[in-house]
Each structure stands twice: as structure tokens, then as C-alpha cells.
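S.K.: For reference, the structure I am asking about is given below.
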2 protein chains.
Amino acid sequence: MNVELVNTGSELMLGRVLNTHQQWLCRRLADLGHVVTRQVAIADTGGEIQNAVREALGRADFIITTGGLGPTSDDITRELIAELLGKKLIENQDVLAHIENFFATRNRPRPMKTSVETFVPAGALVFLNRFGTAPGLAMKIDGTQKWLVMLPGPPRELRPMFDEYVVPLLKREFADETFVCRTLRSTGIGESRVQEFVEADLLPLVQRGLGVGYCARPGAVDVRLTAAGTDAATIVRAGEAVVQRILGANIFGLDDEEIENVVVRLLKEHKKTLALAESCTGGNIAHRITNVPGASEIFLGGVVSYANSAKEKFVGVNAKTLAQHGAVSEAVAREMAAGARERFGADFAIAVTGIAGPGGGSAEKPVGTVFLALASAAGVTVEKMSNPWERATFKEVTATQALERLRTRLLST
Amino acid sequence: MNVELVNTGSELMLGRVLNTHQQWLCRRLADLGHVVTRQVAIADTGGEIQNAVREALGRADFIITTGGLGPTSDDITRELIAELLGKKLIENQDVLAHIENFFATRNRPRPMKTSVETFVPAGALVFLNRFGTAPGLAMKIDGTQKWLVMLPGPPRELRPMFDEYVVPLLKREFADETFVCRTLRSTGIGESRVQEFVEADLLPLVQRGLGVGYCARPGAVDVRLTAAGTDAATIVRAGEAVVQRILGANIFGLDDEEIENVVVRLLKEHKKTLALAESCTGGNIAHRITNVPGASEIFLGGVVSYANSAKEKFVGVNAKTLAQHGAVSEAVAREMAAGARERFGADFAIAVTGIAGPGGGSAEKPVGTVFLALASAAGVTVEKMSNPWERATFKEVTATQALERLRTRLLST
């Protein structure tokens with residue numbers, strides 16, 4: 001079965017928003033055994049939308065469009081697709097009642113513009129929108145087994161609607177296909193080396209149908225193993241064993257696991273707590289740790305000690321150390337980590353100090369210079385890194401390196 | 001001129017990575033006057049890549065492919081496109097020297113697999129990769145004025161290469177087109193209301209060629225004004241004046257400005273400093289503030305006071321207040337803000353405490369309950385909000401609301 005996505009929105013073509021639908025929908029569909037074969041984004045103009053949908057209907061069995069179902073004048077997907085398929089738009093009373101209730105419970109008058117959302121193509125299934133007003137729609141294409149599904153653009157409306165309505169529709173209309181995907185996430189080795197290390201040993205499995213892919217990420221290389229059919233799980237499991245045997249110590253996580261998920265899990269298993277003292281990462285480590293549900297069990301807190309005075313006052317860095325070595329130094333990183341650990345009363349503390357740029361670099365300490373410290377009952381270790389990337393990548397890579405050091409430490413204790 | 005993007009990579013179709021190329025390239029191209037007309041993503045398999053490129057060549061004048069130029073076995077874009085265009089692959093000595101130098105300066109042996117990267121289609125322009133090994137490639141299609149450009153997949157390789165090589169190529173081969181785009185970002189009004197407020201007054205400009213688009217974002221609605229041709233700047237400027245007159249107080253920023261950029265700018269203009277005490281946002285506000293280059297001029301630091309003990313110790317919340325009102329309460333938010341302001345010695349302090357979920361809610365204080373406090377020389381104000389979104393959206397929306405309160409305050413002082 002072929003599945004295609006058509007993302008509409010002039011804001012996508014102008015680069016004003018990030019298209020997160022592609023990843024989210026592809027992922028969910030793959031987990032259901034349906035790998036998306038093509039994704040297209042086009043502006044929300046009449047000709048473009050009708051052409052893209054017509055082409056997709058020529059290739060695919062299941063098409064999902066996103067966007068263009070709202071109340072404003074550039075929301076025209078519903079009308080265009082009704083026209084393309086020769087269907088009239090008919091007012092739907094369930095949708096009308098839902099929208100009236102949506103505004104009534106919020107004590108707001110219903111904007112007149114929302115009336116267009118109550119008109120749906122004749123014969124369409126209606127998906128009521130739990131987090132907004134525009135309904136989703138699904139239409140079986142006359143004389144075929146193909147389906148066209150239209151979902152609203154805002155992710156917080158689309159995602160629950162997909163799970164609530166599209167998943168049951170897929171299960172009912174299309175037999176489950178067996179598809180298994182496993183991603184092993186490694187760190188510390190380059191992409192071409194990773195393949196050199198594992199490919200010969202994976203070859204017998206490739207001949208049995210294993211797909212192997214490599215993807216370079218900031219500070220990481222993902223090895224992706226896939227298979228379809230009745231033996232899929234066995235083949236992927238065998239591939240995973242090969243990669244684990246060869247790259248074991250460098251594998252930090254599986255599938256979507258970010259390093260922060262692994263660190264939170266390991267801290268819970270070890271019943272240990274964590275505190276942070278962040279300078280150049282500016283709260284990024286705390287933000288990532290607290291993205292993990294349940295982080296409060298192990299995370300006591302952190303200080304973003306951006307100003308030197310904050311380094312002294314909140315984590316007890318000595319004014320002399322700052323004067324003598326500068327804020328970006330091994331000595332300051334060491335005192336930050338020790339101070340955060342003691343003051344929060346944590347088992348572990350991570351401290352980072354560095355130069356994120358674009359300003360602030362010098363010949364001796366260029367932009368990208370970082371000191372990472374890890375404090376534990378055994379004392380403090382400090383490492384110097386060089387991360388000469390632009391500001392956002394710098395913060396991300398530095399945070400990952402700091403968390404990786406804690407991960408390695410937790411594995412060895 | 002029609003521009004299309006073809007993003008290759010099975011990891012995209014499996015939803016294992018986010019496609020950030022689409023936004024970045026569309027944005028850069030629009031700024032150069034070339035609005036992308038279609039973007040397609042497909043798996044990195046032979047048939048898919050050749051079909052997608054063949055179709056794009058049928059519609060567009062300038063095609064950019066991303067991905068598939070690296071050293072591993074799934075990097076096959078170069079070979080497939082050479083085959084499609086009937087070109088031989090020839091070893092390029094500049095690329096070979098560049099790759100040898102890349103590994104020599106890093107004191108690492110050159111992996112054998114990188115040899116494939118030195119072979120380029122006959123007649124192609126070569127873009128040396130400053131941040132990696134795989135070169136970019138550009139080919140003029142025989143007998144046409146069309147160009148096909150191939151860029152490597154990793155963003156930190158693709159982006160500088162685009163600026164260094166593709167921008168000059170575009171300027172040389174295609175006349176500049178005048179295209180103006182302005183986005184006004186509003187907060188506090190729903191999408192349909194925004195359109196109701198502005199559309200009648202914009203109509204005369206729409207008749208002169210103004211394009212108007214609306215995009216609902218978390219906690220914000222963007223109004224996008226576009227025009228092409230010689231009058232483009234005048235028309236868009238006139239449209240901007242209309243929207244500013246009607247929505248003025250609700251407009252927090254222009255184009256890509258995030259609320260944190262505006263807050264940092266206003267704090268600099270007022271020569272005021274900021275401190276934070278974050279509980280449920282877990283460092284997200286600090287992270288966003290420190291994403292702004294030069295934030296260190298106004299940002300003293302923050303405390304991520306996740307545990308109750310951290311609220312007491314680092315920002316001086318009274319143990320009695322915690323016991324009496326609970327950590328998620330107006331009283332605790334008030335003490336957090338006042339404490340952070342005093343201890344950091346800042347002009348302003350923001351404090352947030354709430355229930356991010358998925359756990360921790362109760363009938364009285366359901367998941368999504370938040371107290372936002374803003375402390376200044378004039379005292380502390382606290383507001384209660386309800387943000388019943390999933391964890392990541394909750395953190396993002398709550399941080400935006402907190403920053404919006406500070407923005408409004410800074411504008412009124």
C-alpha cells in the first residue's frame with residue numbers, strides 16, 4: 001500500500017514555519033506498518049492543491065492532506081478537494097453544534113467566519129476537533145479502494161485527531177502490514193567508520209531482507225535497521241544484536257531516545273539525584289531534562305549562572321578563581337559543579353562554562369571553548385571541549401556532551 | 001522562475017528526523033526573491049529519486065536536492081542523477097585533496113569509503129564542503145537554462161555551502177525578482193477574529209496585488225503580507241500600516257522575531273536586567289532568552305527550582321508558604337519572583353510554577369494550572385493561567401505567556 005502526504009500552506013513555501021507534520025505523521029504511519037512513499041508541500045493556492053492531490057491519487061492508496069481547513073480566507077483545501085472530486089458542500093449539524101459548544105464553554109461569541117467550517121463534502125466522514133473548531137474529513141474515492149483524509153494544520157489539533165480517528169480508519173480499511181524499524185543511536189564515531197565497522201557482519205542479514213541506513217546527527221550517528229514481512233522482527237532483532245556487539249559502548253539509546261531520556265532513566269534506576277550549574281548552555285540542559293516526564297523524581301534543580309555575580313552567589317564560585325582564571329576556565333567549571341552539588345544536596349552535578357559566541361572569543365579562548373565538569377561523591381572531573389558551531393548548535397552539542405559524560409559515569413557505577 | 005526542492009532520505013519517510021531543510025531553504029530563497037513552488041521528500045531508493053528529479057525538471061527552472069552525497073551505501077543521489085542525465089562520474093582532484101586535508105588536519109586516517117565522494121558527474125560545478133567531506137554539485141541541464149543543484153544532508157554542511165556557492169550561482173544565472181514578505185506576529189486574539197478585524201481595511205491593497213495569509217501558532221497568530229513586482233515594497237508597507245493601526249497592541253514582533261528577541265531588545269533599550277525563577281518551564285525561559293546573541297548584557301541568570309527545597313534555598317520561598325498553599329500557588333509564585341529579583345539584584349524577575357503533566361494534577365489544580373509572577377521595583381503581580389496542553393506545548397506556551405507579560409510591562413514604562 002502506498003501512502004502519501006500533501007502539506008499545504010504558503011507559510012511552508014516561504015519558510016516561515018517548520019513543517020513538523022512530515023516527521024510526526026511518517027513516524028506514526030511507519031509504526032502502523034505503512035511507510036510513507038512521498039511527501040509533498042505546496043502553497044495554498046487552488047491550482048497547486050488540486051494538482052498535487054490529483055497526482056497523489058494517481059500513485060497512492062491513502063492520501064493525507066494537512067492544513068487549509070480553518071476559518072480564514074486562505075483556508076481553501078476543503079472547497080478545492082470537494083470540487084476536484086465532484087462533491088457538494090453540505091452543512092453538517094454535528095460540526096455546527098460542536099463549534100457552538102466550543103465558543104459557549106469559553107464564554108466567547110462564535111466568530112462568523114467559523115461558519116465555513118460547518119460545510120463538508122457530501123458523503124465525507126467527519127472527525128470532530130477536540131482542540132479547535134475545524135473538523136477533519138475522510139472520503140473514500142468513488143469506484144476505488146482509495147481514501148483521502150484531510151486534517152487541520154495546527155499540530156495540537158492534528159495529532160489527537162489522527163490517533164482518535166485515522167488510526168481506526170486505517171486498521172478497518174487496510175490490512176496491517178508487518179514492518180519493523182529499529183534505530184540504534186551511537187556517539188563518538190564518524191558516519192563512514194560506523195558503516196565500516198558493522199557492514200560486513202550485517203551482510204548475511206541484508207541478504208535475508210534487512211535494510212540498513214545511516215544518518216549523521218549533531219554529535220551522533222544513527223544506524224537504522226528495517227525489515228518487512230513475516231520474518232521482520234527476527235531479522236531486525238538479529239541485526240540489532242550484531243550492531244550492539246560491535247558498537248555497544250558507543251550506543252547511547254534506541255529509536256527516539258534522546259540522551260536526556262536515558263540519563264533520567266539511569267538516574268531513576270540508580271536512585272540518584274541531579275543538579276546543574278549552567279553558564280553557556282543557558283538552561284538548555286535543564287530544559288531537556290525537564291522535557292522527560294517524571295524528571296522531577298531525580299532532578300532537584302539548576303542554576304543558570306550567566307553573570308559572574310550569579311556564579312559566586314548561587315553556586316559559591318570564589319571571586320579569586322574568577323579573577324585569576326576567568327569565567328571560562330577549568331577551575332571555575334570545577335567550583336561550579338562542586339558548589340551546585342553541595343548546595344542542592346544532589347548525588348551528581350553537571351557544570352558547563354564556555355563561549356557560545358558570536359562575540360566573546362579570544363586567541364587563547366576562541367568561540368566554542370567549553371569546560372564540562374561532573375561532580376559526584378568521588379570528586380570532580382573536568383574536560384575541555386572545542387565546539388566551534390553557531391550559537392544554537394553550540395548549545396545543543398555542548399548539552400549533549402555533558403549528558404553523555406553523566407550517562408557513561410552512570411553505566412560504570 | 002519556478003524553484004523546487006527534492007529532499008531525499010529514508011529517515012525522513014520513516015519519521016526518524018525532522019526535515020529542517022525545507023524551512024531553511026524556502027526562507028533563504030524567498031529572501032532572494034524566488035518563492036519555492038513545490039517541495040518533495042522521498043526515500044533514498046533509485047526509482048524514487050530519479051522519478052522525483054525527472055518530474056521536477058519538467059516543472060521547474062531551478063531544482064535543489066538534499067542528501068545522499070555522503071560516503072555510506074545509502075548515499076546514492078550523485079550516481080542516480082549522473083545516470084539520469086547521462087553523465088559519467090569522473091574523479092575530481094580538488095575534492096580528493098580537500099578530503100585528504102580534512103582528515104590530515106584532524107590526525108585521523110581517511111576512511112576508504114570517502115573515495116566515492118571524489119567522483120563527480122562530468123561537467124558539474126563542485127562546491128567544496130567546509131564542514132565535511134562530501135562536495136555539493138551543480139549541473140546546467142543540456143539544451144536548457146535549467147539548473148540542478150545537489151547539496152549534502154547535514155544542515156551544518158548544507159547551510160554555509162548554500163550561502164557560499166548557491167547564492168552567487170542564482171544571482172549570476174537568474175535575474176533578481178522583486179518579492180517582499182512581511183510577517184506581523186500577534187498574540188491574544190484568535191485566528192478568525194484577526195482576519196475579521198483587518199480584512200475590510202486591507203481589501204483595497206489586495207486589489208492592488210497584496211497577498212494576505214494567516215497562520216495560527218502556539219499562543220500567536222501570524223499575519224503575512226506579500227507582494228511581487230515593482231510596487232511590492234510600497235504595497236506591503238501600506239498593508240503593514242493598516243495591520244499595525246488595527247492590531248498594534250497585540251503585535252509583539254515582526255518576521256522571525258520571537259518574543260524573547262523582543263524582550264532582550266527592550267531590556268537593552270531600557271538598560272534593565274532580568275532574573276528568572278522557573279519551576280514548571282524547567283529552564284525553557286532561560287534557554288530561549290540565552291538563544292538571543294548578546295543576552296548576557298541583560299540576563300543575570302535564573303534558578304530552575306524544581307524541588308521544593310530548591311525553592312526555599314535558592315529564591316527564599318518560605319517553608320510555611322509551601323506547606324500552606326502548595327508549590328503551585330499564587331503565594332509561592334509571588335515569593336519566587338520577589339526572591340529571584342532580590343537575590344540576583346535584577347530590575348525584573350519572572351517566576352513560573354505550575355503542573356506540566358502528565359502526572360501531578362488534582363481536581364482543584366488540574367494539569368495545565370500555572371501561576372506567572374512578574375516582580376519589579378513596583379512590586380509583584382501574579383496571574384493564573386490554564387494551559388492544558390501536552391508537556392512540550394505546555395512549556396512553550398507558558399514561557400511565551402511569561403515573556404509577553406514582561407514585554408507589555410516594558411512597553412508601558
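Going through the C-alpha cells in order, the chains are called A, B, and so on, while each chain numbers its residues from 1 and the ligands are numbered from 1 in the order shown.
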Within 6 Å of chain A, which residues of chain B show up when using only C-alpha atoms, listed as a ChimeraX atom specification?
M.R.: /B:13-15,18,23,26-27,30,36,38-42,71,192,282-284,286-287,290,300-307
S.K.: Keeping N, CA and C atoms, export the residues of the selection given above as a compact mmCIF listing (two decimals), in the first residue's frame.
M.R.:
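again22.txt was written with the following content:
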```
# COMPACT_ATOMS: atom_id res chain seq x y z
N MET B 13 11.22 9.59 5.53
CA MET B 13 9.95 8.90 5.26
C MET B 13 9.53 8.02 6.44
N LEU B 14 10.53 7.63 7.23
CA LEU B 14 10.21 6.85 8.42
C LEU B 14 9.93 7.76 9.61
N GLY B 15 10.08 9.06 9.41
CA GLY B 15 9.81 9.99 10.50
C GLY B 15 10.87 9.98 11.58
N LEU B 18 13.58 15.26 11.67
CA LEU B 18 12.77 16.40 11.28
C LEU B 18 13.43 17.02 10.04
N GLN B 23 12.27 24.43 5.55
CA GLN B 23 12.09 25.79 6.04
C GLN B 23 13.30 26.66 5.72
N CYS B 26 13.61 27.34 1.87
CA CYS B 26 12.49 28.17 1.38
C CYS B 26 12.67 29.60 1.84
N ARG B 27 13.08 29.76 3.07
CA ARG B 27 13.25 31.08 3.63
C ARG B 27 14.34 31.87 2.90
N ALA B 30 13.22 32.72 -0.65
CA ALA B 30 12.23 33.80 -0.70
C ALA B 30 12.92 35.15 -0.48
N VAL B 36 9.72 29.20 -3.44
CA VAL B 36 9.69 27.79 -3.81
C VAL B 36 8.26 27.39 -4.15
N ARG B 38 7.33 24.05 -5.00
CA ARG B 38 7.00 22.71 -4.53
C ARG B 38 8.19 22.11 -3.81
N GLN B 39 7.89 21.36 -2.78
CA GLN B 39 8.94 20.64 -2.07
C GLN B 39 8.47 19.20 -1.95
N VAL B 40 9.37 18.27 -2.26
CA VAL B 40 9.03 16.85 -2.26
C VAL B 40 10.05 16.11 -1.41
N ALA B 41 9.60 15.17 -0.61
CA ALA B 41 10.54 14.29 0.09
C ALA B 41 10.26 12.86 -0.30
N ILE B 42 11.34 12.13 -0.57
CA ILE B 42 11.19 10.72 -0.96
C ILE B 42 12.30 9.90 -0.31
N PRO B 71 29.29 9.19 2.32
CA PRO B 71 30.14 8.05 2.00
C PRO B 71 29.48 6.69 2.20
N SER B 192 -9.56 33.62 13.56
CA SER B 192 -10.69 34.13 12.77
C SER B 192 -10.99 35.58 13.13
N GLY B 282 10.97 24.63 33.59
CA GLY B 282 12.18 23.81 33.68
C GLY B 282 13.39 24.33 32.95
N GLY B 283 13.54 25.64 32.81
CA GLY B 283 14.71 26.18 32.14
C GLY B 283 14.42 26.66 30.72
N ASN B 284 13.18 26.44 30.26
CA ASN B 284 12.84 26.82 28.88
C ASN B 284 12.93 28.34 28.67
N ALA B 286 14.89 30.48 30.34
CA ALA B 286 16.32 30.81 30.30
C ALA B 286 16.94 30.38 28.97
N HIS B 287 16.59 29.19 28.52
CA HIS B 287 17.11 28.67 27.25
C HIS B 287 16.75 29.61 26.10
N THR B 290 18.61 32.96 26.37
CA THR B 290 20.04 32.85 26.03
C THR B 290 20.26 32.39 24.59
N LEU B 300 20.92 38.20 34.01
CA LEU B 300 21.86 37.88 35.10
C LEU B 300 21.88 36.38 35.37
N GLY B 301 20.72 35.75 35.27
CA GLY B 301 20.69 34.31 35.50
C GLY B 301 19.34 33.87 36.00
N GLY B 302 19.24 32.58 36.27
CA GLY B 302 17.96 32.04 36.72
C GLY B 302 18.18 30.83 37.60
N VAL B 303 17.13 30.50 38.31
CA VAL B 303 17.15 29.27 39.09
C VAL B 303 16.03 28.38 38.56
N VAL B 304 16.37 27.13 38.26
CA VAL B 304 15.35 26.15 37.95
C VAL B 304 15.06 25.43 39.26
N SER B 305 14.04 25.90 39.96
CA SER B 305 13.78 25.42 41.32
C SER B 305 12.74 24.32 41.25
N TYR B 306 13.22 23.14 40.82
CA TYR B 306 12.28 22.04 40.58
C TYR B 306 11.81 21.44 41.90
N ALA B 307 12.75 21.13 42.79
CA ALA B 307 12.38 20.57 44.09
C ALA B 307 11.94 21.71 45.02
```
S.K.: Please return, as a PDB file with C-alpha atoms, in the first residue's frame, all residues of stretch 94-146 of chain B that DSSP assigns to strand (DSSP E or B) on the basis of the backbone.
M.R.:
```pdb
ATOM      1  CA  PHE B 119      33.788  11.127  -8.137  1.00  0.00           C
ATOM      2  CA  VAL B 120      31.593  13.843  -9.675  1.00  0.00           C
ATOM      3  CA  PRO B 121      29.390  13.943 -12.816  1.00  0.00           C
ATOM      4  CA  LEU B 125      30.478  22.589 -10.763  1.00  0.00           C
ATOM      5  CA  VAL B 126      31.967  21.450  -7.470  1.00  0.00           C
ATOM      6  CA  PHE B 127      31.205  23.102  -4.107  1.00  0.00           C
ATOM      7  CA  GLY B 136      27.992  19.851  -3.340  1.00  0.00           C
ATOM      8  CA  LEU B 137      27.386  19.751  -7.089  1.00  0.00           C
ATOM      9  CA  ALA B 138      25.631  21.944  -9.664  1.00  0.00           C
ATOM     10  CA  MET B 139      24.780  20.980 -13.238  1.00  0.00           C
ATOM     11  CA  LYS B 140      23.267  23.007 -16.029  1.00  0.00           C
TER      12      LYS B 140
END
```
S.K.: Could you state the separation of atom CA of B:Ala60 and atom CA of A:Ala56 in Å, given to one decimal place?
M.R.: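 So the answer is 18.6 Å.
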S.K.: Need the shell around stretch 362-371 of chain B: protein/DNA/RNA residues with any atom at most 8 Å away, counting only C-alpha atoms. Skip same-chain ones fewer than 4 positions apart. Format as a list in words?
M.R.: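 Listing them by chain and then by number gives Val328, Ser329, Glu330, Ala333, Val352, Thr353, Gly354, Ile355, Ala356, Gly357, Pro358, Val382, Glu383, Lys384, Met385, Ser386, Asn387, Pro388, Trp389, Phe394 and Thr398 of chain B.
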S.K.: Please run DSSP on the backbone and report, as a PyMOL selection string, all residues within stretch 253-407 of chain B that come out as helix (DSSP H, G or I).
M.R.: chain B and resi 259-270+284-290+295-297+308-315+319-325+330-344+391-407
S.K.: Find the residues near A:Asn129: any atom within 10 Å, counting only C-alpha atoms, skip ones fewer than 2 places away on the same chain, and give them as a PyMOL selection string.
M.R.: chain A and resi 95+98-99+102+126-127+131-136+151-152+157-158+160-161
S.K.: For the selection you just gave me, I'd like the residues written to a file as an mmCIF file, in the first residue's frame, keeping N, CA and C atoms.
M.R.:
```cif
data_model
loop_
_atom_site.group_PDB
_atom_site.id
_atom_site.type_symbol
_atom_site.label_atom_id
_atom_site.label_comp_id
_atom_site.auth_asym_id
_atom_site.auth_seq_id
_atom_site.Cartn_x
_atom_site.Cartn_y
_atom_site.Cartn_z
ATOM 1 N N VAL A 95 -21.089 19.230 13.338
ATOM 2 C CA VAL A 95 -19.982 20.190 13.362
ATOM 3 C C VAL A 95 -20.473 21.532 13.896
ATOM 4 N N HIS A 98 -20.838 21.334 17.551
ATOM 5 C CA HIS A 98 -19.515 21.271 18.185
ATOM 6 C C HIS A 98 -18.892 22.667 18.266
ATOM 7 N N ILE A 99 -18.975 23.421 17.185
ATOM 8 C CA ILE A 99 -18.345 24.747 17.161
ATOM 9 C C ILE A 99 -19.086 25.697 18.099
ATOM 10 N N PHE A 102 -17.983 24.878 21.467
ATOM 11 C CA PHE A 102 -16.581 25.280 21.665
ATOM 12 C C PHE A 102 -16.509 26.712 22.186
ATOM 13 N N VAL A 126 -16.762 12.688 9.167
ATOM 14 C CA VAL A 126 -16.370 13.902 9.881
ATOM 15 C C VAL A 126 -15.612 13.541 11.156
ATOM 16 N N PHE A 127 -14.452 14.178 11.364
ATOM 17 C CA PHE A 127 -13.681 13.989 12.605
ATOM 18 C C PHE A 127 -13.824 15.255 13.432
ATOM 19 N N PHE A 131 -9.615 20.036 19.952
ATOM 20 C CA PHE A 131 -8.784 21.160 20.378
ATOM 21 C C PHE A 131 -8.920 22.377 19.477
ATOM 22 N N GLY A 132 -10.016 22.436 18.715
ATOM 23 C CA GLY A 132 -10.219 23.582 17.843
ATOM 24 C C GLY A 132 -11.587 23.466 17.207
ATOM 25 N N THR A 133 -11.790 24.204 16.139
ATOM 26 C CA THR A 133 -13.123 24.228 15.533
ATOM 27 C C THR A 133 -13.194 23.446 14.219
ATOM 28 N N ALA A 134 -12.150 23.526 13.376
ATOM 29 C CA ALA A 134 -12.221 22.907 12.046
ATOM 30 C C ALA A 134 -12.246 21.390 12.145
ATOM 31 N N PRO A 135 -13.251 20.709 11.562
ATOM 32 C CA PRO A 135 -13.260 19.250 11.603
ATOM 33 C C PRO A 135 -12.272 18.668 10.586
ATOM 34 N N GLY A 136 -11.793 17.460 10.868
ATOM 35 C CA GLY A 136 -11.095 16.690 9.852
ATOM 36 C C GLY A 136 -12.116 15.965 8.997
ATOM 37 N N LEU A 151 -6.680 16.736 7.269
ATOM 38 C CA LEU A 151 -6.501 17.071 8.683
ATOM 39 C C LEU A 151 -6.158 18.556 8.828
ATOM 40 N N PRO A 152 -6.547 19.153 9.958
ATOM 41 C CA PRO A 152 -6.251 20.578 10.160
ATOM 42 C C PRO A 152 -4.748 20.813 10.397
ATOM 43 N N GLU A 157 -4.076 20.184 17.126
ATOM 44 C CA GLU A 157 -5.379 19.681 16.670
ATOM 45 C C GLU A 157 -5.207 18.394 15.868
ATOM 46 N N LEU A 158 -4.189 18.397 14.987
ATOM 47 C CA LEU A 158 -3.973 17.262 14.084
ATOM 48 C C LEU A 158 -3.620 15.971 14.828
ATOM 49 N N PRO A 160 -3.991 14.647 18.087
ATOM 50 C CA PRO A 160 -5.029 13.824 18.727
ATOM 51 C C PRO A 160 -6.078 13.322 17.732
ATOM 52 N N MET A 161 -6.377 14.121 16.697
ATOM 53 C CA MET A 161 -7.368 13.697 15.703
ATOM 54 C C MET A 161 -6.870 12.480 14.929
#
```
S.K.: Mind giving me the straight-line distance from atom CA of B:Lys171 to atom CA of B:Ala124 in Å, one decimal?
M.R.: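 Separation between atom CA of B:Lys171 and atom CA of B:Ala124: 18.1 Å.
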S.K.: Report as a list in words all protein, DNA and RNA residues lying within 10 Å of B:Leu411, evaluated on only C-alpha atoms, omitting residues in the same chain fewer than 5 positions from it.
M.R.: Ala249, Val263, Leu266, His270 and Leu406 of chain B
S.K.: Write a file of the selected residues as an mmCIF file, in the first residue's frame, keeping N, CA and C atoms.
M.R.:
```cif
data_model
loop_
_atom_site.group_PDB
_atom_site.id
_atom_site.type_symbol
_atom_site.label_atom_id
_atom_site.label_comp_id
_atom_site.auth_asym_id
_atom_site.auth_seq_id
_atom_site.Cartn_x
_atom_site.Cartn_y
_atom_site.Cartn_z
ATOM 1 N N ALA B 249 -1.427 46.941 19.630
ATOM 2 C CA ALA B 249 -1.030 46.495 20.966
ATOM 3 C C ALA B 249 -0.816 44.984 21.014
ATOM 4 N N VAL B 263 11.987 40.907 23.889
ATOM 5 C CA VAL B 263 12.225 41.191 25.305
ATOM 6 C C VAL B 263 13.688 41.580 25.536
ATOM 7 N N LEU B 266 14.162 45.106 24.188
ATOM 8 C CA LEU B 266 13.555 46.139 25.038
ATOM 9 C C LEU B 266 14.340 46.329 26.335
ATOM 10 N N HIS B 270 16.005 49.785 27.587
ATOM 11 C CA HIS B 270 15.681 50.399 28.885
ATOM 12 C C HIS B 270 16.826 50.270 29.882
ATOM 13 N N LEU B 406 6.183 40.425 30.438
ATOM 14 C CA LEU B 406 7.323 41.344 30.587
ATOM 15 C C LEU B 406 7.383 42.323 29.427
#
```
S.K.: Report the distance between atom CA of B:Trp147 and atom CA of B:Leu80 in Å, rounded to one decimal place.
M.R.: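 We find that atom CA of B:Trp147 and atom CA of B:Leu80 lie 16.3 Å from each other.
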